[in-house]
>>> print(open('protein-v2.tsv').read())   # TSV, C-alpha atoms
chain	number	residue	atom	x	y	z
A	598	MET	CA	8.05	21.98	18.08
A	599	VAL	CA	11.15	24.05	17.32
A	600	PRO	CA	10.78	26.08	14.07
A	601	GLY	CA	12.40	24.24	11.18
A	602	GLU	CA	12.32	20.89	12.99
A	603	VAL	CA	10.76	18.00	11.08
A	604	GLU	CA	8.22	15.88	12.91
A	605	THR	CA	9.27	12.25	12.56
A	606	SER	CA	5.92	10.49	13.05
A	607	ARG	CA	2.29	11.20	13.90
A	608	SER	CA	-1.18	9.73	13.69
A	609	ALA	CA	-2.96	11.37	10.81
A	610	PRO	CA	-6.70	12.10	11.07
A	611	LEU	CA	-8.91	9.32	9.79
A	612	ARG	CA	-10.25	9.86	6.29
A	613	SER	CA	-10.75	6.15	5.68
A	614	ILE	CA	-11.00	3.33	8.20
A	615	ALA	CA	-9.95	0.61	5.78
A	616	ASP	CA	-6.40	0.67	7.16
A	617	ALA	CA	-7.15	2.01	10.65
A	618	SER	CA	-5.83	0.14	13.64
A	619	CYS	CA	-8.48	-1.45	15.84
A	620	VAL	CA	-7.46	-1.92	19.46
A	621	PRO	CA	-9.96	-3.85	21.64
A	622	HIS	CA	-10.87	-3.00	25.23
A	623	ALA	CA	-10.85	-5.74	27.84
A	624	GLY	CA	-14.27	-6.88	29.03
A	625	ALA	CA	-16.94	-9.55	29.03
A	626	GLY	CA	-18.89	-8.34	26.03
A	627	LEU	CA	-18.23	-8.82	22.33
A	628	VAL	CA	-15.99	-6.94	19.89
A	629	ALA	CA	-16.07	-7.69	16.17
A	630	ARG	CA	-14.60	-6.39	12.94
A	631	TRP	CA	-15.26	-7.36	9.33
A	632	GLY	CA	-13.11	-5.08	7.20
A	633	ASP	CA	-14.79	-1.66	7.45
A	634	VAL	CA	-17.73	-2.84	9.62
A	635	PHE	CA	-17.37	-2.68	13.41
A	636	LEU	CA	-19.58	-3.91	16.27
A	637	VAL	CA	-19.42	-3.90	20.07
A	638	VAL	CA	-22.09	-5.58	22.24
A	639	ALA	CA	-22.47	-5.44	26.03
A	640	GLU	CA	-23.52	-9.09	26.44
A	641	ALA	CA	-21.93	-11.80	24.35
A	642	ASP	CA	-24.31	-14.59	25.42
A	643	ALA	CA	-27.64	-12.85	24.72
A	644	PRO	CA	-29.83	-14.78	22.23
A	645	VAL	CA	-30.12	-11.83	19.84
A	646	VAL	CA	-26.37	-11.32	19.58
A	647	SER	CA	-26.01	-13.95	16.85
A	648	THR	CA	-28.57	-12.01	14.76
A	649	LEU	CA	-26.59	-8.78	15.25
A	650	VAL	CA	-23.42	-10.52	14.14
A	651	GLU	CA	-25.12	-12.00	11.07
A	652	HIS	CA	-26.45	-8.60	9.94
A	653	CYS	CA	-23.09	-6.88	10.31
A	654	GLU	CA	-21.20	-9.68	8.59
A	655	ALA	CA	-23.74	-9.72	5.73
A	656	VAL	CA	-23.19	-5.99	5.12
A	657	ALA	CA	-19.42	-6.48	5.02
A	658	THR	CA	-19.71	-9.49	2.70
A	659	ALA	CA	-21.94	-7.54	0.31
A	660	GLY	CA	-19.49	-4.62	0.26
A	661	GLY	CA	-22.13	-2.37	1.84
A	662	ASP	CA	-21.54	0.93	3.58
A	663	GLY	CA	-22.80	2.63	6.72
A	664	ARG	CA	-26.20	3.41	5.22
A	665	MET	CA	-26.87	-0.25	4.50
A	666	LEU	CA	-25.70	-1.16	7.99
A	667	SER	CA	-28.02	1.40	9.64
A	668	ARG	CA	-31.04	0.27	7.62
A	669	ARG	CA	-30.50	-3.39	8.47
A	670	LEU	CA	-30.00	-2.75	12.17
A	671	ALA	CA	-33.00	-0.42	12.35
A	672	GLY	CA	-35.16	-3.03	10.63
A	673	MET	CA	-33.97	-5.71	13.03
A	674	LEU	CA	-34.80	-3.62	16.11
A	675	SER	CA	-38.18	-2.60	14.70
A	676	SER	CA	-39.27	-6.19	14.14
A	677	SER	CA	-37.74	-7.80	17.24
A	678	ASP	CA	-39.56	-8.34	20.52
A	679	GLU	CA	-36.49	-9.66	22.29
A	680	ASP	CA	-34.46	-7.70	24.78
A	681	VAL	CA	-31.49	-6.35	22.90
A	682	PRO	CA	-28.37	-5.55	24.93
A	683	ALA	CA	-26.57	-2.26	24.46
A	684	PHE	CA	-24.49	-2.20	21.30
A	685	ALA	CA	-22.81	0.16	18.87
A	686	ALA	CA	-21.94	-0.36	15.22
A	687	ALA	CA	-20.12	1.71	12.63
A	688	ALA	CA	-19.19	1.63	8.96
A	689	PRO	CA	-17.91	4.28	6.55
A	690	VAL	CA	-19.79	6.24	3.93
A	691	GLU	CA	-18.36	8.63	1.36
A	692	ALA	CA	-18.78	11.68	3.60
A	693	GLY	CA	-17.68	10.11	6.87
A	694	VAL	CA	-18.57	7.33	9.33
A	695	ALA	CA	-22.15	6.18	9.97
A	696	VAL	CA	-22.63	5.38	13.66
A	697	PHE	CA	-25.50	3.33	15.10
A	698	VAL	CA	-25.95	3.24	18.90
A	699	GLN	CA	-28.54	1.47	21.05
A	700	GLY	CA	-28.98	1.52	24.83
A	701	SER	CA	-26.15	2.58	27.10
A	702	ALA	CA	-23.47	2.10	24.43
A	703	SER	CA	-21.62	5.19	23.23
A	704	VAL	CA	-19.24	6.35	20.52
A	705	ALA	CA	-16.65	9.02	21.33
A	706	VAL	CA	-15.41	11.01	18.33
A	707	GLY	CA	-11.93	12.16	19.33
A	708	ALA	CA	-12.19	14.66	22.17
A	709	ASP	CA	-14.95	16.59	20.42
A	710	PHE	CA	-18.23	14.88	21.31
A	711	THR	CA	-19.85	11.57	22.28
A	712	ILE	CA	-22.87	9.89	20.73
A	713	SER	CA	-24.90	7.92	23.28
A	714	GLY	CA	-28.15	5.98	23.19
A	715	ASP	CA	-28.99	6.52	26.85
A	716	ALA	CA	-31.58	9.20	26.23
A	717	SER	CA	-33.27	7.41	23.32
A	718	LEU	CA	-36.18	4.96	23.59
A	719	SER	CA	-35.08	3.18	20.42
A	720	TRP	CA	-31.71	3.94	18.84
A	721	VAL	CA	-29.51	6.80	17.64
A	722	ASP	CA	-27.78	6.98	14.26
A	723	ARG	CA	-25.46	9.76	13.23
A	724	LEU	CA	-23.09	10.66	10.39
A	725	VAL	CA	-19.64	11.71	11.61
A	726	PRO	CA	-17.96	13.68	8.79
A	727	TRP	CA	-14.29	13.32	7.86
A	728	PRO	CA	-11.69	13.87	9.14
A	729	VAL	CA	-11.82	11.98	12.43
A	730	SER	CA	-8.95	11.87	14.90
A	731	THR	CA	-10.04	8.71	16.78
A	732	LEU	CA	-13.25	6.75	17.19
A	733	THR	CA	-13.90	4.88	20.45
A	734	MET	CA	-16.89	2.55	20.69
A	735	THR	CA	-17.85	1.21	24.13
A	736	THR	CA	-20.80	-0.69	25.60
A	737	GLY	CA	-21.36	1.68	28.51
A	738	THR	CA	-18.83	0.31	30.99
A	739	SER	CA	-15.67	2.28	31.67
A	740	SER	CA	-12.76	0.67	29.85
A	741	GLU	CA	-9.46	1.52	28.24
A	742	PRO	CA	-7.74	0.16	25.10
A	743	ALA	CA	-5.67	-2.93	25.81
A	744	ALA	CA	-1.98	-2.19	26.32
A	745	GLY	CA	0.24	-3.93	23.79
A	746	PRO	CA	0.61	-4.40	20.04
A	747	TYR	CA	-3.05	-5.34	19.52
A	748	ASN	CA	-4.75	-4.72	16.20
A	749	LEU	CA	-7.95	-6.56	15.26
A	750	TRP	CA	-8.32	-6.93	11.49
A	751	ARG	CA	-11.12	-9.48	11.28
A	752	GLY	CA	-13.01	-11.67	13.71
A	753	VAL	CA	-15.14	-11.77	16.86
A	754	ILE	CA	-13.44	-11.64	20.26
A	755	PRO	CA	-14.38	-10.90	23.91
A	756	GLY	CA	-14.25	-7.26	24.91
A	757	SER	CA	-16.17	-4.18	26.01
A	758	GLY	CA	-15.17	-1.74	23.30
A	759	LEU	CA	-12.66	-0.76	20.63
A	760	THR	CA	-10.64	2.24	19.53
A	761	LEU	CA	-10.04	3.10	15.88
A	762	GLN	CA	-7.04	5.22	15.00
A	763	ALA	CA	-5.05	5.90	11.86
A	764	VAL	CA	-1.64	4.25	11.74
A	765	ALA	CA	1.39	6.45	12.34
A	766	THR	CA	2.68	8.15	9.22
A	767	THR	CA	5.79	10.15	8.39
A	768	PRO	CA	4.91	13.60	7.06
A	769	GLU	CA	6.69	15.25	4.21
A	770	PRO	CA	9.42	17.78	5.12
A	771	SER	CA	8.08	21.26	5.81
A	772	ALA	CA	8.79	24.20	3.54
A	773	SER	CA	11.35	25.49	6.05
A	774	THR	CA	13.39	22.30	5.74
A	775	PRO	CA	15.97	22.66	2.96
A	776	ALA	CA	15.54	20.00	0.35
A	777	MET	CA	18.59	18.07	-0.76
A	778	ALA	CA	19.61	18.58	-4.33
A	779	ALA	CA	19.16	15.61	-6.57
A	780	GLU	CA	22.40	14.06	-7.70
A	781	ALA	CA	22.92	12.70	-11.18
A	782	PRO	CA	23.75	8.99	-11.22
A	783	VAL	CA	27.38	8.07	-11.66
A	784	GLY	CA	28.15	7.06	-15.20
A	785	ASP	CA	25.26	9.01	-16.70
A	786	SER	CA	25.91	9.55	-20.37
A	787	ALA	CA	24.97	13.19	-19.98
A	788	ASP	CA	28.00	13.65	-17.73
A	789	VAL	CA	30.62	11.80	-19.75
A	790	LEU	CA	29.67	12.43	-23.37
A	791	PRO	CA	29.70	15.77	-25.19
A	792	THR	CA	26.36	17.19	-26.17
A	793	THR	CA	27.61	18.15	-29.65
A	794	VAL	CA	29.71	16.29	-32.19
A	795	PRO	CA	32.85	18.19	-33.34
A	796	PRO	CA	33.07	18.82	-37.09
A	797	ASP	CA	35.23	16.48	-39.14
A	798	ASP	CA	38.11	18.65	-40.40
A	799	GLY	CA	40.45	15.73	-41.20
A	800	SER	CA	42.42	16.09	-37.98
A	801	MET	CA	40.60	13.24	-36.22
A	802	PRO	CA	40.43	9.65	-37.51
A	803	THR	CA	37.00	8.41	-38.45
A	804	ALA	CA	35.67	4.93	-37.91
A	805	PRO	CA	35.28	2.67	-40.95
A	806	PRO	CA	31.76	2.42	-42.36
A	807	ARG	CA	29.59	-0.33	-40.93
A	808	LEU	CA	28.22	-2.90	-43.34
A	809	ASP	CA	24.61	-3.94	-42.97
A	810	ARG	CA	24.64	-7.65	-43.74
A	811	TRP	CA	21.12	-8.49	-42.42
A	812	PRO	CA	18.28	-6.03	-42.02
A	813	GLY	CA	17.38	-5.47	-38.38
A	814	LEU	CA	20.69	-6.70	-36.99
A	815	VAL	CA	23.60	-4.64	-35.77
A	816	ALA	CA	26.02	-4.08	-38.64
A	817	GLU	CA	29.65	-5.07	-38.17
A	818	SER	CA	32.59	-3.88	-40.25
A	819	LEU	CA	34.98	-6.51	-41.63
A	820	ARG	CA	38.59	-5.93	-40.81
A	821	PHE	CA	41.78	-7.86	-41.54
A	822	GLU	CA	43.05	-9.70	-38.48
A	823	SER	CA	46.06	-11.96	-39.31
A	824	VAL	CA	47.87	-14.16	-41.89
A	825	ILE	CA	49.19	-17.64	-41.15
A	826	MET	CA	51.89	-19.02	-43.48
A	827	ASN	CA	52.51	-22.77	-43.57
A	828	ALA	CA	55.66	-23.95	-45.52
A	829	ASN	CA	55.50	-27.48	-46.90
A	830	ALA	CA	57.29	-29.51	-49.56
A	831	SER	CA	55.72	-30.06	-52.94
A	832	SER	CA	53.89	-33.37	-53.19
A	833	GLN	CA	55.47	-34.16	-56.59
A	834	PRO	CA	59.29	-34.02	-56.99
A	835	ASP	CA	60.79	-31.74	-59.65
A	836	THR	CA	64.23	-32.83	-60.79
A	837	SER	CA	65.04	-29.56	-62.52
A	838	GLN	CA	64.20	-27.35	-59.58
A	839	ARG	CA	62.71	-27.61	-56.07
A	840	ARG	CA	60.16	-25.09	-54.89
A	841	GLU	CA	58.46	-24.58	-51.62
A	842	GLY	CA	54.75	-23.89	-51.57
A	843	CYS	CA	52.96	-21.54	-49.16
A	844	SER	CA	49.34	-21.69	-48.14
A	845	PHE	CA	47.63	-18.56	-46.84
A	846	VAL	CA	44.87	-18.61	-44.24
A	847	ARG	CA	43.20	-15.26	-43.75
A	848	ASN	CA	41.19	-14.59	-40.66
A	849	TRP	CA	38.48	-11.97	-40.82
A	850	ARG	CA	36.59	-10.47	-37.92
>>> encode(input="protein-v2.tsv", output="C-alpha cells")
Amino acid sequence: MVPGEVETSRSAPLRSIADASCVPHAGAGLVARWGDVFLVVAEADAPVVSTLVEHCEAVATAGGDGRMLSRRLAGMLSSSDEDVPAFAAAAPVEAGVAVFVQGSASVAVGADFTISGDASLSWVDRLVPWPVSTLTMTTGTSSEPAAGPYNLWRGVIPGSGLTLQAVATTPEPSASTPAMAAEAPVGDSADVLPTTVPPDDGSMPTAPPRLDRWPGLVAESLRFESVIMNANASSQPDTSQRREGCSFVRNWR
C-alpha cells in the first residue's frame, strides 16, 4: 500500500465469532450452526448424528461455551458403542476457540496450522487462542467455500464443511492521514453572540423590566399597544347644550 493511503476495507482477525460470517462448503454431509456453536459431520444419515446435533444444540440453548461443548461430546463418545462418523465442532471460550475433532475431520486455523483427528484413536480437542484470521472446519473431503453471498446464521443444512471469517470492517484513518478540522455548526450561539456584556453607560437603550406574574412561568412585560376612540351621541338629550361622549378601549400586550 502506498504510504499515506487509507485502506478502505479489510477482514479483521476474529476475536469473537458471534458476528462472524459462516460460509458452508458443498457436500453430502451436514453443516450446522447455533449462534456460537458450530458442527460439521461427514455423514448426515448416520444414526448417531441426531445425538450429535442434540448435544450441540443443548449447549447453545444453555448459553454454554467451548468447554461445555467438549465435555458433552467427550462423554458421548466415551459411552457410545456406535460407529461415529468423522465430525468437528467448535465454540468460543474467553481465551479463544475450543475445537473438538474426531476421525478424519480437520480444522484449519488460518494458514498457520491444522488440527486433525486422523492420528488419534479417540478424539482431539484444542484451544485456539485469539486472534484468529479464519477458521475452516471440514469432514476430511477436499472442498471449498460455496461461491456467492452465503452466510449461515442458524440451522442445519447439507454440506461438507464451513469457513468462519470476520466481516469486512473499515479501519480508522492512519496517523499519516490528515484529519479534517471540526466545523462549528451554523447558527451556533458561540459564533453570533458576544462572550461579554458591554457595560451600561447610558448610551444604549435597555429593555423594560420583566414582571413575574406567576412563579415558574416566563415573565412578560406589559406595554401599551393602541387606543380606539368611538364617538356616539348621548343617550339623553340636553336642551341647553349637546355633548359628544367618547369611550376608550385600551389594549395591552
>>> residues_around(input="protein-v2.tsv", residues="segment 624-631 of chain A", least_positions_apart="2", cutoff="9 Å", atoms="only C-alpha atoms", output="MDAnalysis selection string")
chainID A and resid 619 621:622 633:642 646 650 653:654 657:658 736 738 740 749:759
>>> residues_around(input="protein-v2.tsv", residues="Met665 of chain A", least_positions_apart="3", cutoff="10 Å", atoms="all atoms listed in the file", output="VMD selection string")
chain A and resid 652 to 653 656 to 657 659 to 662 668 to 671 688 690 695
>>> atom_distance(input="protein-v2.tsv", atom1="atom CA of Val645 of chain A", atom2="atom CA of Leu674 of chain A")
10.2 Å
>>> atom_distance(input="protein-v2.tsv", atom1="atom CA of Gly700 of chain A", atom2="atom CA of Phe684 of chain A")
6.8 Å
>>> atom_distance(input="protein-v2.tsv", atom1="atom CA of Pro746 of chain A", atom2="atom CA of Ala708 of chain A")
23.1 Å
>>> closest_residue(input="protein-v2.tsv", among="A:Gly707, A:Gly672, A:Gly745, A:Pro689", to="Trp720 of chain A", atoms="only C-alpha atoms")
A:Gly672
>>> residues_around(input="protein-v2.tsv", residues="Leu718 of chain A", least_positions_apart="4", cutoff="12 Å", atoms="all atoms listed in the file", output="PyMOL selection string")
chain A and resi 674-675+698-701+713-714
>>> write_last_selection(input="protein-v2.tsv", atoms="C-alpha atoms", output="CSV table (one decimal), in the frame of the given file")
chain,number,residue,atom,x,y,z
A,674,LEU,CA,-34.8,-3.6,16.1
A,675,SER,CA,-38.2,-2.6,14.7
A,698,VAL,CA,-26.0,3.2,18.9
A,699,GLN,CA,-28.5,1.5,21.0
A,700,GLY,CA,-29.0,1.5,24.8
A,701,SER,CA,-26.2,2.6,27.1
A,713,SER,CA,-24.9,7.9,23.3
A,714,GLY,CA,-28.2,6.0,23.2
